[in-house]
>>> print(open('coords-v4.txt').read())   # compact mmCIF, C-alpha atoms
# COMPACT_ATOMS: atom_id res chain seq x y z
CA MET A 28 -5.76 14.98 -18.69
CA PRO A 29 -9.46 15.64 -17.98
CA TYR A 30 -11.41 13.20 -15.81
CA SER A 31 -15.05 13.12 -14.75
CA LEU A 32 -14.97 11.97 -11.18
CA SER A 33 -18.07 10.85 -9.30
CA VAL A 34 -17.61 11.82 -5.67
CA ASN A 35 -20.45 11.70 -3.16
CA GLY A 36 -23.02 11.43 -5.92
CA GLN A 37 -21.77 14.49 -7.76
CA VAL A 38 -19.73 14.49 -10.95
CA HIS A 39 -16.66 16.73 -10.89
CA ASP A 40 -14.57 17.65 -13.90
CA VAL A 41 -10.96 17.31 -12.84
CA GLU A 42 -7.90 18.18 -14.91
CA ASP A 43 -4.87 16.38 -13.53
CA ASP A 44 -2.20 13.78 -14.19
CA GLY A 45 -3.67 10.27 -14.19
CA GLN A 46 -1.02 9.16 -11.70
CA THR A 47 -2.10 11.73 -9.13
CA PRO A 48 -3.24 10.00 -5.95
CA LEU A 49 -6.99 10.29 -5.43
CA LEU A 50 -6.32 11.74 -1.98
CA TRP A 51 -4.60 14.75 -3.55
CA VAL A 52 -7.62 15.37 -5.78
CA LEU A 53 -10.09 15.01 -2.94
CA ARG A 54 -8.27 17.36 -0.61
CA ASP A 55 -6.54 19.87 -2.88
CA THR A 56 -8.89 20.09 -5.84
CA LEU A 57 -12.32 19.24 -4.43
CA LYS A 58 -11.55 20.62 -0.96
CA LEU A 59 -13.00 17.53 0.72
CA THR A 60 -10.58 17.64 3.62
CA GLY A 61 -12.41 15.17 5.86
CA THR A 62 -10.26 12.44 4.31
CA LYS A 63 -6.86 12.73 5.96
CA TYR A 64 -3.29 12.43 4.80
CA GLY A 65 -1.49 10.27 7.35
CA CYS A 66 1.47 8.39 5.89
CA GLY A 67 1.02 8.49 2.12
CA ILE A 68 2.23 4.88 1.76
CA ALA A 69 -0.91 2.89 2.62
CA GLN A 70 0.26 2.03 6.11
CA CYS A 71 -2.11 3.99 8.36
CA GLY A 72 -5.58 4.01 6.77
CA ALA A 73 -6.34 7.67 7.53
CA CYS A 74 -7.16 8.27 3.85
CA THR A 75 -9.75 5.47 3.54
CA VAL A 76 -12.68 6.17 1.21
CA HIS A 77 -15.26 3.89 -0.39
CA VAL A 78 -14.75 3.09 -4.07
CA ASP A 79 -17.74 1.24 -5.50
CA GLY A 80 -18.54 0.27 -1.92
CA GLN A 81 -15.10 -1.12 -1.10
CA PRO A 82 -12.83 0.58 1.43
CA MET A 83 -9.66 1.77 -0.28
CA ARG A 84 -6.64 3.85 0.63
CA SER A 85 -6.92 6.97 -1.49
CA CYS A 86 -3.22 7.83 -1.06
CA THR A 87 -2.25 4.87 -3.22
CA LEU A 88 -5.08 5.01 -5.72
CA PRO A 89 -4.25 6.69 -9.04
CA LEU A 90 -6.83 9.09 -10.40
CA GLU A 91 -6.95 7.22 -13.72
CA ALA A 92 -8.03 4.03 -11.90
CA VAL A 93 -11.16 5.57 -10.40
CA ALA A 94 -12.40 7.69 -13.29
CA SER A 95 -15.48 5.52 -13.74
CA ALA A 96 -16.00 4.59 -10.08
CA GLN A 97 -18.44 5.79 -7.45
CA ILE A 98 -16.41 7.39 -4.69
CA VAL A 99 -17.85 8.16 -1.26
CA THR A 100 -15.97 10.11 1.38
CA ILE A 101 -16.57 10.75 5.07
CA GLU A 102 -18.47 13.93 4.17
CA ALA A 103 -21.33 12.04 2.54
CA VAL A 104 -21.29 8.43 3.71
CA GLU A 105 -24.77 7.45 4.80
CA GLY A 106 -27.08 4.54 5.49
CA VAL A 107 -28.13 2.56 8.51
CA GLU A 108 -24.59 1.33 9.21
CA ALA A 109 -23.14 4.83 8.89
CA ARG A 110 -25.69 6.25 11.31
CA ALA A 111 -25.14 3.42 13.77
CA ILE A 112 -21.36 3.88 13.65
CA GLN A 113 -21.71 7.63 14.10
CA ASP A 114 -24.03 7.21 17.10
CA ALA A 115 -21.79 4.58 18.70
CA TRP A 116 -18.71 6.73 18.14
CA VAL A 117 -20.36 9.62 19.96
CA ALA A 118 -21.78 7.46 22.75
CA ARG A 119 -18.42 5.77 23.36
CA ASP A 120 -16.53 9.04 22.94
CA VAL A 121 -14.14 7.16 20.71
CA PRO A 122 -11.84 9.85 19.28
CA GLN A 123 -9.01 11.42 21.17
CA CYS A 124 -7.01 13.61 18.78
CA GLY A 125 -9.37 12.45 16.02
CA PHE A 126 -6.97 12.59 13.10
CA CYS A 127 -7.39 8.94 12.11
CA GLN A 128 -11.08 8.78 12.80
CA SER A 129 -12.50 9.46 9.36
CA GLY A 130 -10.50 6.49 8.09
CA GLN A 131 -11.57 4.37 11.06
CA VAL A 132 -15.21 5.24 10.49
CA MET A 133 -15.07 4.49 6.76
CA SER A 134 -13.46 1.09 7.39
CA ALA A 135 -15.91 0.30 10.19
CA ILE A 136 -18.93 1.11 8.01
CA ALA A 137 -17.63 -1.05 5.17
CA MET A 138 -16.99 -3.90 7.59
CA LEU A 139 -20.49 -3.73 9.09
CA ARG A 140 -21.97 -3.87 5.60
CA ALA A 141 -19.95 -7.02 4.87
CA ILE A 142 -20.27 -8.65 8.30
CA PRO A 143 -23.38 -7.50 10.18
CA ALA A 144 -22.43 -9.24 13.44
CA PRO A 145 -18.63 -9.22 13.59
CA THR A 146 -16.58 -11.03 16.18
CA ASP A 147 -13.57 -9.45 17.85
CA GLY A 148 -11.43 -11.35 15.36
CA ASP A 149 -13.41 -9.99 12.39
CA ILE A 150 -13.00 -6.48 13.73
CA ASP A 151 -9.29 -6.88 14.39
CA ILE A 152 -8.62 -8.13 10.85
CA ALA A 153 -10.86 -5.60 9.11
CA MET A 154 -9.49 -2.68 11.10
CA SER A 155 -5.85 -3.79 11.22
CA GLY A 156 -4.94 -1.38 8.45
CA ASN A 157 -6.23 1.65 10.37
CA LEU A 158 -3.73 2.91 12.90
CA CYS A 159 -4.58 5.14 15.86
CA ARG A 160 -1.65 6.90 17.53
CA CYS A 161 -3.90 7.60 20.54
CA ALA A 162 -4.56 3.85 20.80
CA THR A 163 -8.33 4.08 20.96
CA TYR A 164 -8.58 0.53 19.64
CA ASN A 165 -10.57 -0.86 22.55
CA ARG A 166 -13.19 1.86 22.24
CA ILE A 167 -13.30 1.43 18.47
CA ARG A 168 -13.95 -2.27 18.92
CA ALA A 169 -16.63 -1.65 21.57
CA ALA A 170 -18.30 1.00 19.41
CA ILE A 171 -18.40 -1.35 16.43
CA HIS A 172 -20.10 -4.01 18.57
CA ASP A 173 -22.62 -1.37 19.74
CA ALA A 174 -23.24 -0.29 16.15
CA ALA A 175 -23.68 -3.89 15.01
CA ALA A 176 -26.24 -4.45 17.76
CA ALA A 177 -28.08 -1.27 16.79
CA VAL A 178 -28.15 -2.22 13.12
CA GLY A 179 -29.36 -5.71 14.02
CA ALA A 180 -32.11 -4.30 16.23
CA SER A 181 -33.23 -1.87 13.53
CA LYS A 182 -33.53 -4.64 10.96
CA SER A 183 -35.34 -7.14 13.20
CA MET B 21 34.33 73.45 39.41
CA THR B 22 32.95 73.16 35.96
CA ARG B 23 30.41 70.49 34.91
CA ARG B 24 31.27 68.84 31.71
CA ARG B 25 28.25 68.44 29.52
CA THR B 26 28.43 65.34 27.46
CA SER B 27 26.54 65.34 24.21
CA ARG B 28 24.22 62.27 24.05
CA TRP B 29 21.87 61.17 21.38
CA ARG B 30 18.45 61.21 22.97
CA LEU B 31 15.39 59.38 21.79
CA GLY B 32 12.09 60.70 22.94
CA CYS B 33 8.75 58.88 23.35
CA VAL B 34 7.62 59.94 19.91
CA GLY B 35 10.75 58.54 18.37
CA LEU B 36 10.33 55.23 20.19
CA LEU B 37 6.74 54.97 19.07
CA ALA B 38 7.74 55.72 15.51
CA LEU B 39 10.39 52.98 15.62
CA LEU B 40 7.89 50.53 17.05
CA MET B 41 5.37 51.38 14.36
CA MET B 42 7.97 50.92 11.66
CA ALA B 43 8.93 47.51 13.07
CA VAL B 44 5.27 46.44 13.11
CA ILE B 45 4.74 47.65 9.55
CA VAL B 46 7.86 45.90 8.24
CA THR B 47 7.03 42.64 10.04
CA GLY B 48 3.43 42.73 8.84
CA THR B 49 4.49 43.47 5.27
CA ILE B 50 6.88 40.53 5.25
CA ALA B 51 4.33 38.17 6.84
CA LEU B 52 1.44 39.18 4.61
CA TRP B 53 3.32 39.61 1.35
CA PRO B 54 1.50 37.39 -1.18
CA ARG B 55 3.51 34.38 -2.26
CA SER B 56 2.54 31.35 -4.31
CA LEU B 57 1.89 28.11 -2.47
CA PRO B 58 3.81 25.00 -3.50
CA GLU B 59 1.94 23.08 -6.14
CA SER B 60 1.78 19.34 -6.67
CA GLN B 61 4.03 18.12 -9.43
CA SER B 62 4.03 14.98 -11.48
CA LEU B 63 6.43 12.41 -10.20
CA PRO B 64 8.95 10.89 -12.58
CA ALA B 65 8.11 7.57 -14.16
CA ASP B 66 8.77 4.38 -12.21
CA PRO B 67 12.57 4.18 -12.07
CA SER B 68 14.23 1.09 -13.42
CA PRO B 69 15.66 -1.30 -10.86
CA VAL B 70 19.26 -0.45 -10.25
CA THR B 71 20.63 -3.82 -9.24
CA PHE B 72 20.41 -6.83 -11.49
CA ALA B 73 21.73 -10.26 -10.56
CA PRO B 74 22.57 -12.39 -13.59
CA LEU B 75 21.13 -15.84 -14.17
CA ARG B 76 23.18 -18.49 -15.94
CA PRO B 77 21.56 -19.38 -19.28
CA ALA B 78 20.23 -22.90 -19.83
CA ALA B 79 22.88 -23.48 -22.51
CA ALA B 80 25.60 -23.10 -19.89
CA PHE B 81 24.55 -26.46 -18.41
CA ALA B 82 24.94 -28.41 -21.66
CA THR B 83 28.43 -29.44 -20.63
CA ILE B 84 27.04 -31.58 -17.81
CA ALA B 85 27.00 -34.99 -19.45
CA ASP B 86 24.86 -36.80 -16.89
CA ARG B 87 21.21 -36.02 -17.69
CA LYS B 88 20.01 -36.29 -14.12
CA ALA B 89 22.83 -34.14 -12.77
CA ARG B 90 22.14 -31.58 -15.53
CA SER B 91 18.48 -31.51 -14.60
CA VAL B 92 19.27 -30.95 -10.93
CA ALA B 93 21.78 -28.23 -11.83
CA LEU B 94 19.21 -26.47 -14.02
CA PHE B 95 16.62 -26.48 -11.24
CA THR B 96 19.19 -25.33 -8.70
CA GLU B 97 19.94 -22.31 -10.89
CA ALA B 98 16.21 -21.67 -11.36
CA GLY B 99 15.92 -21.97 -7.58
CA ARG B 100 17.74 -18.65 -7.26
CA VAL B 101 14.55 -17.13 -8.64
CA ILE B 102 12.12 -19.45 -6.88
CA GLN B 103 13.68 -18.75 -3.48
CA HIS B 104 14.08 -15.03 -4.09
CA PRO B 105 12.09 -12.77 -1.71
CA ARG B 106 10.09 -11.36 -4.66
CA CYS B 107 8.64 -14.86 -5.13
CA VAL B 108 8.71 -16.35 -1.64
CA ASN B 109 7.00 -13.37 0.01
CA CYS B 110 3.76 -14.43 -1.67
CA HIS B 111 4.23 -18.16 -1.03
CA PRO B 112 3.90 -17.97 2.77
CA ARG B 113 3.42 -20.99 4.99
CA THR B 114 0.99 -19.04 7.17
CA ASP B 115 -2.04 -17.02 6.15
CA ARG B 116 0.03 -13.86 6.26
CA PRO B 117 2.36 -12.75 3.46
CA THR B 118 5.80 -11.34 4.10
CA GLN B 119 7.49 -8.35 2.49
CA THR B 120 10.86 -6.73 1.76
CA ASP B 121 14.12 -8.59 1.14
CA ALA B 122 14.16 -9.39 4.87
CA MET B 123 10.82 -11.19 4.39
CA ARG B 124 9.30 -9.68 7.49
CA PRO B 125 5.56 -10.06 8.15
CA HIS B 126 3.39 -7.86 5.92
CA ARG B 127 2.37 -4.54 7.41
CA PRO B 128 -0.45 -3.97 7.99
CA LEU B 129 -1.64 -7.38 9.12
CA VAL B 130 -3.44 -8.99 6.20
CA THR B 131 -4.56 -12.56 5.68
CA ARG B 132 -5.13 -14.65 2.58
CA GLY B 133 -8.93 -15.12 2.76
CA THR B 134 -10.65 -17.81 0.74
CA ASP B 135 -9.20 -16.89 -2.66
CA GLY B 136 -5.73 -15.66 -1.74
CA GLY B 137 -6.80 -12.07 -2.36
CA GLY B 138 -7.47 -11.18 1.28
CA VAL B 139 -10.51 -11.38 3.53
CA ALA B 140 -13.70 -9.64 2.40
CA THR B 141 -13.14 -6.71 4.72
CA LEU B 142 -9.48 -6.16 3.89
CA ARG B 143 -8.77 -7.20 0.34
CA CYS B 144 -5.33 -6.93 -1.24
CA SER B 145 -6.98 -4.43 -3.60
CA THR B 146 -7.53 -2.06 -0.68
CA CYS B 147 -3.95 -0.96 -1.40
CA HIS B 148 -2.58 -2.98 -4.35
CA HIS B 149 -3.87 -2.10 -7.80
CA ASP B 150 -3.08 -2.94 -11.41
CA ALA B 151 0.44 -1.51 -11.45
CA ASN B 152 3.25 -0.37 -9.19
CA PHE B 153 2.33 3.08 -7.88
CA THR B 154 5.33 5.32 -7.52
CA PRO B 155 3.82 8.09 -5.33
CA SER B 156 3.07 5.65 -2.51
CA GLY B 157 5.63 2.97 -3.34
CA VAL B 158 2.93 0.29 -3.19
CA PRO B 159 3.51 -2.50 -5.73
CA GLY B 160 0.72 -3.75 -7.94
CA ASN B 161 -0.39 -6.20 -10.59
CA PRO B 162 -3.85 -7.11 -11.94
CA LYS B 163 -3.49 -10.65 -10.47
CA TRP B 164 -2.06 -9.61 -7.09
CA LYS B 165 -2.73 -12.38 -4.58
CA LEU B 166 -1.09 -15.12 -2.54
CA ALA B 167 -0.25 -18.58 -3.77
CA PRO B 168 -2.45 -21.34 -2.29
CA VAL B 169 -1.26 -22.59 1.08
CA GLU B 170 -0.52 -25.98 -0.53
CA MET B 171 2.12 -24.10 -2.52
CA ALA B 172 3.82 -22.62 0.54
CA TRP B 173 7.55 -22.28 -0.15
CA GLN B 174 8.70 -20.49 2.96
CA GLY B 175 10.77 -22.66 5.27
CA LYS B 176 11.22 -25.39 2.68
CA THR B 177 14.36 -26.63 0.99
CA LEU B 178 14.73 -26.32 -2.75
CA GLY B 179 14.28 -30.07 -3.05
CA GLN B 180 11.00 -29.93 -1.13
CA ILE B 181 9.81 -27.06 -3.31
CA CYS B 182 10.80 -29.01 -6.42
CA ARG B 183 8.79 -32.08 -5.43
CA GLN B 184 5.90 -29.84 -4.43
CA ILE B 185 5.60 -28.04 -7.76
CA LEU B 186 5.72 -31.36 -9.59
CA ASP B 187 2.85 -32.70 -7.49
CA PRO B 188 -0.42 -31.75 -9.25
CA ALA B 189 -2.34 -32.25 -6.01
CA ARG B 190 -0.43 -29.39 -4.40
CA ALA B 191 0.59 -27.31 -7.41
CA HIS B 192 -2.84 -27.55 -9.05
CA MET B 193 -0.94 -27.54 -12.36
CA THR B 194 0.20 -29.97 -14.97
CA ARG B 195 3.81 -29.69 -16.15
CA ALA B 196 2.65 -27.75 -19.19
CA GLN B 197 0.69 -25.35 -17.00
CA LEU B 198 3.66 -25.07 -14.66
CA LEU B 199 5.91 -24.09 -17.57
CA HIS B 200 3.36 -21.52 -18.72
CA HIS B 201 3.06 -20.13 -15.20
CA MET B 202 6.80 -19.72 -14.87
CA THR B 203 7.41 -18.29 -18.33
CA GLN B 204 4.26 -16.33 -19.17
CA ASP B 205 2.34 -15.45 -16.03
CA GLU B 206 2.29 -11.69 -15.57
CA LEU B 207 2.21 -11.92 -11.78
CA VAL B 208 5.33 -14.09 -11.85
CA GLY B 209 6.78 -11.55 -14.29
CA TRP B 210 6.29 -8.81 -11.71
CA ALA B 211 9.25 -10.30 -9.83
CA TRP B 212 11.54 -8.79 -12.51
CA ARG B 213 9.71 -5.44 -12.52
CA PRO B 214 9.01 -4.88 -8.83
CA GLY B 215 9.35 -1.08 -8.96
CA GLY B 216 10.63 1.24 -6.31
CA GLU B 217 13.74 0.11 -4.51
CA ARG B 218 12.78 -3.54 -4.47
CA THR B 219 15.43 -5.96 -5.68
CA PRO B 220 14.30 -7.78 -8.83
CA ALA B 221 14.62 -11.52 -9.17
CA PRO B 222 17.84 -12.66 -10.89
CA GLY B 223 18.06 -12.64 -14.68
CA THR B 224 14.94 -12.25 -16.77
CA GLN B 225 11.65 -14.15 -16.95
CA ALA B 226 12.70 -15.48 -20.36
CA GLN B 227 15.98 -16.86 -18.97
CA PHE B 228 14.13 -18.33 -16.01
CA GLY B 229 11.55 -19.88 -18.33
CA ALA B 230 14.33 -21.39 -20.44
CA LEU B 231 15.87 -22.95 -17.33
CA ILE B 232 12.50 -24.43 -16.29
CA ALA B 233 11.87 -25.72 -19.83
CA ALA B 234 15.31 -27.35 -19.95
CA TRP B 235 14.81 -28.79 -16.48
CA LEU B 236 11.49 -30.37 -17.50
CA ASP B 237 13.06 -31.62 -20.76
CA THR B 238 15.74 -33.39 -18.76
CA GLY B 239 13.19 -35.25 -16.67
CA GLY B 240 12.40 -32.69 -13.97
CA GLN B 241 14.88 -34.06 -11.47
CA CYS B 242 14.90 -32.59 -7.97
CA PRO B 243 17.77 -31.73 -5.64
CA ALA B 244 17.96 -33.80 -2.47
>>> encode(input="coords-v4.txt", output="structure tokens")
Amino acid sequence: MPYSLSVNGQVHDVEDDGQTPLLWVLRDTLKLTGTKYGCGIAQCGACTVHVDGQPMRSCTLPLEAVASAQIVTIEAVEGVEARAIQDAWVARDVPQCGFCQSGQVMSAIAMLRAIPAPTDGDIDIAMSGNLCRCATYNRIRAAIHDAAAAVGASKS
Amino acid sequence: MTRRRTSRWRLGCVGLLALLMMAVIVTGTIALWPRSLPESQSLPADPSPVTFAPLRPAAAFATIADRKARSVALFTEAGRVIQHPRCVNCHPRTDRPTQTDAMRPHRPLVTRGTDGGGVATLRCSTCHHDANFTPSGVPGNPKWKLAPVEMAWQGKTLGQICRQILDPARAHMTRAQLLHHMTQDELVGWAWRPGGERTPAPGTQAQFGALIAAWLDTGGQCPA
């Protein structure tokens, strides 16, 4: 079935089964491979994208459910929070193997937009669905605090 | 003394090189031979649950002459649904739901938030959508969320649950609304259509609803 999919501000005509996971379409059809396949069962968060601004696991999102949604992937996410997260990630040298990091970054950006000055508890809950086999959790948390401070400073 | 000359098959440098070249060509041809990549295929429709546990129909309790005893027996039978993991997993006594028939804590860690649908930064809808999704095995329903904490069932006896659902202050429902919830609510109905390998609740929603209706008709008596 044909779908018009809005990804990163661009409309793509996609012909696929409506039950196809969005992640398959992003990676295999649109070649947006920044979004990663980790577990395929919504347990690791590596496939996180923004759907109408909300972080969602694209491995468990049917294509037919997002046909009229605005989808943003790691390739095009932008804004003050995205820049702050990116800068903090580099400054803290957060990634190790890096496989989970696009999902971590997408969840972190969405969290900062919802909670501009998160506590450790806010971060732990918001990021609990994003696993890191290298266990970079402490640096992720520190980088989010840095990013929150940077966003706060830029808005004051 | 005569030297015996043995005839041996000799391979010169040119021959060796030729063999080596042939091996390289054959290996390269095999490695580079164009072949089609595996393509994604549609998965079969959500399979039907394979194990069904029966539920005794409400009519089966008509032989109990004592009205109060009949009412308690009806609720006890309905309790097989109420205390089933498909129902109890979303009636947790903490802020965290449980999952599977073993009712282990939900993975990943999620909490109920202010509306039962998760905190703002990790909503249930991050993973759960309008329907069960076979490719990932993640269950779904348009109303997917936790019951209010006042309606926690985990760790409670059937009698305690019974008195709780009859208490409007905790159930937030009248008896009529309670009957509608049990018999018509689509999220409750999910318990009989859980998808994947999840065990469905016993019987059917209609049979369960009939038990609840008969229980209420007989005075809504609770087990001890």
>>> atom_distance(input="coords-v4.txt", atom1="CA of Glu42 in chain A", atom2="CA of Val158 in chain B")
24.0 Å
>>> atom_distance(input="coords-v4.txt", atom1="CA of Trp210 in chain B", atom2="CA of Asp150 in chain B")
11.1 Å
>>> closest_residue(input="coords-v4.txt", among="A:Ala111, A:Ile152, A:Ala141, A:Val93", to="His172 in chain A", atoms="only C-alpha atoms")
A:Ala111
>>> closest_residue(input="coords-v4.txt", among="A:Ile101, A:Ile167, A:Leu139, A:Val178", to="Leu59 in chain A", atoms="only C-alpha atoms")
A:Ile101
>>> atom_distance(input="coords-v4.txt", atom1="CA of Gln174 in chain B", atom2="CA of Thr96 in chain B")
16.4 Å
>>> closest_residue(input="coords-v4.txt", among="A:Ala96, A:Ala135, A:Ala180, A:Leu57", to="chain B", atoms="only C-alpha atoms")
A:Ala135
>>> closest_residue(input="coords-v4.txt", among="A:Gln37, A:Gln123, A:Gln128, A:Asn157", to="chain B", atoms="only C-alpha atoms")
A:Asn157
>>> interface_residues(input="coords-v4.txt", of="chain B", to="chain A", cutoff="9 Å", atoms="only C-alpha atoms", output="compact mmCIF listing (two decimals) with C-alpha atoms, in the coordinates of the input")
# COMPACT_ATOMS: atom_id res chain seq x y z
CA SER B 60 1.78 19.34 -6.67
CA GLN B 61 4.03 18.12 -9.43
CA SER B 62 4.03 14.98 -11.48
CA LEU B 63 6.43 12.41 -10.20
CA ARG B 127 2.37 -4.54 7.41
CA PRO B 128 -0.45 -3.97 7.99
CA LEU B 129 -1.64 -7.38 9.12
CA VAL B 130 -3.44 -8.99 6.20
CA THR B 131 -4.56 -12.56 5.68
CA VAL B 139 -10.51 -11.38 3.53
CA ALA B 140 -13.70 -9.64 2.40
CA THR B 141 -13.14 -6.71 4.72
CA LEU B 142 -9.48 -6.16 3.89
CA ARG B 143 -8.77 -7.20 0.34
CA SER B 145 -6.98 -4.43 -3.60
CA THR B 146 -7.53 -2.06 -0.68
CA CYS B 147 -3.95 -0.96 -1.40
CA HIS B 148 -2.58 -2.98 -4.35
CA HIS B 149 -3.87 -2.10 -7.80
CA ASP B 150 -3.08 -2.94 -11.41
CA PHE B 153 2.33 3.08 -7.88
CA THR B 154 5.33 5.32 -7.52
CA PRO B 155 3.82 8.09 -5.33
CA SER B 156 3.07 5.65 -2.51
CA GLY B 157 5.63 2.97 -3.34
CA VAL B 158 2.93 0.29 -3.19
>>> closest_residue(input="coords-v4.txt", among="A:Thr62, A:Gln131, A:Ser183, A:Ser33", to="Thr163 in chain A", atoms="only C-alpha atoms")
A:Gln131
>>> closest_residue(input="coords-v4.txt", among="A:Val121, A:Val132, A:Pro29, A:Pro145", to="Tyr164 in chain A", atoms="all atoms listed in the file")
A:Val121
